[in-house]
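The structure appears below as C-alpha coordinates.
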Amino acid sequence: MIIDIPEGKDPITYVWGEMVPGIGIAAANLSLAVYSHSTLALPEFEAARLRIAQINGCLFCLDWRTDRNGEKVPATFIDDVTNWRTTPSFTPRTRLAAEYAERYALDHHTLTPDFFDRMKTHYTQPEIVELSMCLGSWLAFGRLNRVLGLDTICVLPSHPAR
(Lines give C-alpha, C1' and ligand atoms only; values in the text may rest on other atoms or scores of the structure.)
Protein backbone atom coordinates (compact mmCIF):
# COMPACT_ATOMS: atom_id res chain seq x y z
CA MET A 1 0.00 0.00 0.00
CA ILE A 2 1.35 3.43 -0.88
CA ILE A 3 -0.72 5.47 1.59
CA ASP A 4 0.30 5.60 5.25
CA ILE A 5 -2.64 4.79 7.49
CA PRO A 6 -2.43 5.99 11.10
CA GLU A 7 -2.53 3.28 13.73
CA GLY A 8 -6.07 2.30 14.62
CA LYS A 9 -7.68 3.89 11.53
CA ASP A 10 -9.79 1.96 9.05
CA PRO A 11 -8.00 2.38 5.69
CA ILE A 12 -11.10 2.97 3.57
CA THR A 13 -12.69 5.36 6.05
CA TYR A 14 -9.43 7.24 6.46
CA VAL A 15 -8.53 7.55 2.76
CA TRP A 16 -12.04 8.15 1.43
CA GLY A 17 -13.40 10.15 4.34
CA GLU A 18 -10.63 11.91 6.24
CA MET A 19 -7.87 12.52 3.70
CA VAL A 20 -10.04 14.16 1.05
CA PRO A 21 -13.49 14.63 2.62
CA GLY A 22 -14.78 16.98 -0.06
CA ILE A 23 -14.16 14.42 -2.79
CA GLY A 24 -14.01 11.11 -0.95
CA ILE A 25 -17.38 11.40 0.74
CA ALA A 26 -19.05 12.39 -2.54
CA ALA A 27 -17.36 9.44 -4.28
CA ALA A 28 -18.50 7.09 -1.52
CA ASN A 29 -22.05 8.39 -1.89
CA LEU A 30 -21.96 7.71 -5.64
CA SER A 31 -20.66 4.22 -4.98
CA LEU A 32 -23.43 3.58 -2.44
CA ALA A 33 -26.08 4.96 -4.81
CA VAL A 34 -25.03 2.51 -7.51
CA TYR A 35 -25.83 -0.39 -5.16
CA SER A 36 -28.88 1.16 -3.52
CA HIS A 37 -30.71 2.50 -6.55
CA SER A 38 -29.85 0.24 -9.47
CA THR A 39 -32.86 -1.16 -11.28
CA LEU A 40 -30.80 -3.67 -13.25
CA ALA A 41 -31.41 -7.36 -12.62
CA LEU A 42 -28.85 -8.88 -10.27
CA PRO A 43 -27.17 -11.15 -12.89
CA GLU A 44 -26.69 -8.21 -15.29
CA PHE A 45 -25.46 -5.95 -12.51
CA GLU A 46 -23.00 -8.55 -11.21
CA ALA A 47 -21.78 -9.60 -14.67
CA ALA A 48 -20.82 -6.01 -15.43
CA ARG A 49 -19.43 -5.35 -11.95
CA LEU A 50 -17.35 -8.52 -11.84
CA ARG A 51 -15.99 -7.97 -15.36
CA ILE A 52 -14.76 -4.55 -14.26
CA ALA A 53 -13.30 -6.14 -11.09
CA GLN A 54 -11.44 -8.70 -13.22
CA ILE A 55 -10.01 -5.96 -15.42
CA ASN A 56 -9.06 -3.75 -12.45
CA GLY A 57 -7.66 -6.69 -10.48
CA CYS A 58 -9.21 -5.31 -7.29
CA LEU A 59 -9.12 -8.14 -4.75
CA PHE A 60 -11.94 -6.72 -2.67
CA CYS A 61 -14.17 -6.20 -5.71
CA LEU A 62 -13.44 -9.72 -6.98
CA ASP A 63 -14.43 -11.22 -3.65
CA TRP A 64 -17.52 -9.08 -3.12
CA ARG A 65 -20.97 -10.36 -4.15
CA THR A 66 -23.88 -7.95 -4.20
CA ASP A 67 -26.70 -9.05 -1.92
CA ARG A 68 -30.23 -8.04 -2.81
CA ASN A 69 -32.66 -9.03 -0.12
CA GLY A 70 -30.70 -12.20 0.62
CA GLU A 71 -30.19 -13.08 -3.05
CA LYS A 72 -26.69 -13.37 -4.51
CA VAL A 73 -25.35 -14.84 -7.72
CA PRO A 74 -23.99 -18.41 -7.34
CA ALA A 75 -20.34 -18.96 -6.43
CA THR A 76 -19.63 -20.20 -9.98
CA PHE A 77 -20.89 -16.95 -11.50
CA ILE A 78 -17.40 -15.45 -11.66
CA ASP A 79 -16.36 -18.31 -13.96
CA ASP A 80 -19.28 -17.44 -16.22
CA VAL A 81 -18.12 -13.81 -16.24
CA THR A 82 -14.63 -14.93 -17.25
CA ASN A 83 -16.21 -16.90 -20.09
CA TRP A 84 -18.96 -14.40 -20.88
CA ARG A 85 -18.66 -14.93 -24.64
CA THR A 86 -19.46 -18.67 -24.49
CA THR A 87 -21.18 -19.49 -21.21
CA PRO A 88 -24.62 -21.01 -21.74
CA SER A 89 -25.66 -19.57 -18.37
CA PHE A 90 -26.02 -15.99 -19.58
CA THR A 91 -29.07 -14.42 -21.13
CA PRO A 92 -28.47 -11.97 -23.99
CA ARG A 93 -28.85 -9.07 -21.51
CA THR A 94 -26.30 -10.56 -19.10
CA ARG A 95 -23.84 -11.29 -21.90
CA LEU A 96 -24.21 -7.73 -23.21
CA ALA A 97 -23.62 -6.32 -19.72
CA ALA A 98 -20.31 -8.18 -19.49
CA GLU A 99 -19.35 -7.19 -23.03
CA TYR A 100 -20.20 -3.55 -22.37
CA ALA A 101 -18.13 -3.59 -19.18
CA GLU A 102 -15.13 -5.00 -21.00
CA ARG A 103 -15.32 -2.56 -23.90
CA TYR A 104 -15.99 0.37 -21.54
CA ALA A 105 -12.92 -0.47 -19.46
CA LEU A 106 -10.46 -1.60 -22.10
CA ASP A 107 -11.28 0.26 -25.31
CA HIS A 108 -14.29 2.55 -25.27
CA HIS A 109 -13.55 3.43 -28.90
CA THR A 110 -15.06 0.03 -29.83
CA LEU A 111 -18.44 1.20 -28.52
CA THR A 112 -19.79 1.82 -32.00
CA PRO A 113 -23.31 2.65 -33.16
CA ASP A 114 -23.65 -1.02 -34.16
CA PHE A 115 -22.83 -2.10 -30.61
CA PHE A 116 -25.40 0.31 -29.19
CA ASP A 117 -27.97 -0.91 -31.70
CA ARG A 118 -27.48 -4.37 -30.17
CA MET A 119 -27.72 -2.89 -26.67
CA LYS A 120 -30.98 -1.13 -27.57
CA THR A 121 -32.59 -4.42 -28.60
CA HIS A 122 -32.23 -5.62 -24.99
CA TYR A 123 -31.92 -2.47 -22.85
CA THR A 124 -33.92 0.72 -22.65
CA GLN A 125 -32.07 4.02 -22.97
CA PRO A 126 -32.42 4.73 -19.23
CA GLU A 127 -30.98 1.27 -18.50
CA ILE A 128 -28.02 1.97 -20.80
CA VAL A 129 -27.37 5.25 -18.98
CA GLU A 130 -27.71 3.52 -15.60
CA LEU A 131 -25.33 0.72 -16.59
CA SER A 132 -22.88 3.31 -17.95
CA MET A 133 -22.90 5.17 -14.63
CA CYS A 134 -22.41 1.93 -12.72
CA LEU A 135 -19.48 1.00 -14.96
CA GLY A 136 -17.88 4.40 -14.45
CA SER A 137 -18.20 4.08 -10.69
CA TRP A 138 -16.76 0.56 -10.56
CA LEU A 139 -13.95 1.33 -12.98
CA ALA A 140 -12.89 4.48 -11.15
CA PHE A 141 -13.22 3.36 -7.56
CA GLY A 142 -12.07 -0.23 -7.98
CA ARG A 143 -9.03 0.99 -9.85
CA LEU A 144 -8.39 3.68 -7.23
CA ASN A 145 -8.47 1.08 -4.45
CA ARG A 146 -6.20 -1.25 -6.44
CA VAL A 147 -3.69 1.44 -7.41
CA LEU A 148 -3.43 2.76 -3.85
CA GLY A 149 -3.25 -0.77 -2.44
CA LEU A 150 -6.41 -0.39 -0.38
CA ASP A 151 -7.83 -3.60 -1.84
CA THR A 152 -5.13 -5.61 -0.05
CA ILE A 153 -6.18 -4.28 3.35
CA CYS A 154 -9.94 -4.27 2.87
CA VAL A 155 -10.25 -7.79 1.52
CA LEU A 156 -12.91 -10.24 2.58
CA PRO A 157 -11.94 -13.38 4.53
CA SER A 158 -11.52 -15.60 1.46
CA HIS A 159 -8.50 -13.54 0.36
CA PRO A 160 -5.50 -13.24 2.66
CA ALA A 161 -4.08 -9.75 3.06
CA ARG A 162 -1.06 -9.22 0.81
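Ligands are numbered from 1 in the order shown, chains are lettered A, B, ... in the order of the C-alpha coordinates, and residues start at 1 in each chain.
Once Glu46 (chain A) and its same-chain neighbours fewer than 2 positions away are set aside, Leu42, Pro43, Glu44, Ala48, Arg49, Leu50, Arg65, Thr66 and Val73 of chain A remain within 8 Å of it when counting only C-alpha atoms.
Residues surrounding region 132-142 of chain A within 7 Å are Ser31, Val34, Arg49, Ile52, Ala53, Asn56, Cys58, Cys61, Ala101 and Ala105 of chain A [only C-alpha atoms; sequence separation below 5 positions excluded].
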Would you write out those residues with N, CA and C atoms, as an mmCIF file, in the first residue's frame?
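That gives us part.cif:
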data_model
loop_
_atom_site.group_PDB
_atom_site.id
_atom_site.type_symbol
_atom_site.label_atom_id
_atom_site.label_comp_id
_atom_site.auth_asym_id
_atom_site.auth_seq_id
_atom_site.Cartn_x
_atom_site.Cartn_y
_atom_site.Cartn_z
ATOM 1 N N SER A 31 -20.829 5.661 -5.042
ATOM 2 C CA SER A 31 -20.665 4.216 -4.980
ATOM 3 C C SER A 31 -21.847 3.552 -4.271
ATOM 4 N N VAL A 34 -25.040 3.533 -6.470
ATOM 5 C CA VAL A 34 -25.033 2.506 -7.512
ATOM 6 C C VAL A 34 -25.649 1.209 -6.976
ATOM 7 N N ARG A 49 -20.287 -5.720 -13.080
ATOM 8 C CA ARG A 49 -19.429 -5.353 -11.952
ATOM 9 C C ARG A 49 -18.218 -6.268 -11.850
ATOM 10 N N ILE A 52 -15.603 -5.697 -14.604
ATOM 11 C CA ILE A 52 -14.759 -4.548 -14.259
ATOM 12 C C ILE A 52 -13.760 -4.945 -13.171
ATOM 13 N N ALA A 53 -14.200 -5.691 -12.175
ATOM 14 C CA ALA A 53 -13.304 -6.141 -11.094
ATOM 15 C C ALA A 53 -12.165 -6.993 -11.651
ATOM 16 N N ASN A 56 -9.792 -4.571 -13.427
ATOM 17 C CA ASN A 56 -9.061 -3.755 -12.454
ATOM 18 C C ASN A 56 -8.109 -4.586 -11.605
ATOM 19 N N CYS A 58 -8.935 -5.678 -8.680
ATOM 20 C CA CYS A 58 -9.206 -5.307 -7.290
ATOM 21 C C CYS A 58 -9.642 -6.537 -6.499
ATOM 22 N N CYS A 61 -13.060 -6.177 -4.744
ATOM 23 C CA CYS A 61 -14.169 -6.203 -5.715
ATOM 24 C C CYS A 61 -14.395 -7.605 -6.276
ATOM 25 N N ALA A 101 -19.124 -3.872 -20.227
ATOM 26 C CA ALA A 101 -18.134 -3.585 -19.181
ATOM 27 C C ALA A 101 -16.716 -3.713 -19.729
ATOM 28 N N ALA A 105 -14.152 -0.542 -20.238
ATOM 29 C CA ALA A 105 -12.918 -0.467 -19.459
ATOM 30 C C ALA A 105 -11.655 -0.546 -20.306
#
Using only C-alpha atoms, the best pick from A:Ile128, A:Val15, A:Ala97, A:Met119 as closest to Ala47 (chain A) would be A:Ala97
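The coordinates place CA of Val20 (chain A) at 28.2 Å from CA of Arg51 (chain A).
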As a VMD selection string, please: every residue in region 77-133 of chain A that DSSP puts in helix (DSSP H, G or I).
chain A and resid 77 to 82 92 to 106 108 to 110 113 to 120 125 to 133
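In this comparison, which uses only C-alpha atoms, the residue of A:Arg68, A:Arg146, A:Lys120, A:Arg85 approaching Tyr35 (chain A) most closely is A:Arg68.
Of the residues under consideration (A:His122, A:Tyr104, A:Glu130, A:Gly8), A:His122 shows the shortest atom-to-atom contact distance to Thr91 (chain A) when counting only C-alpha atoms.
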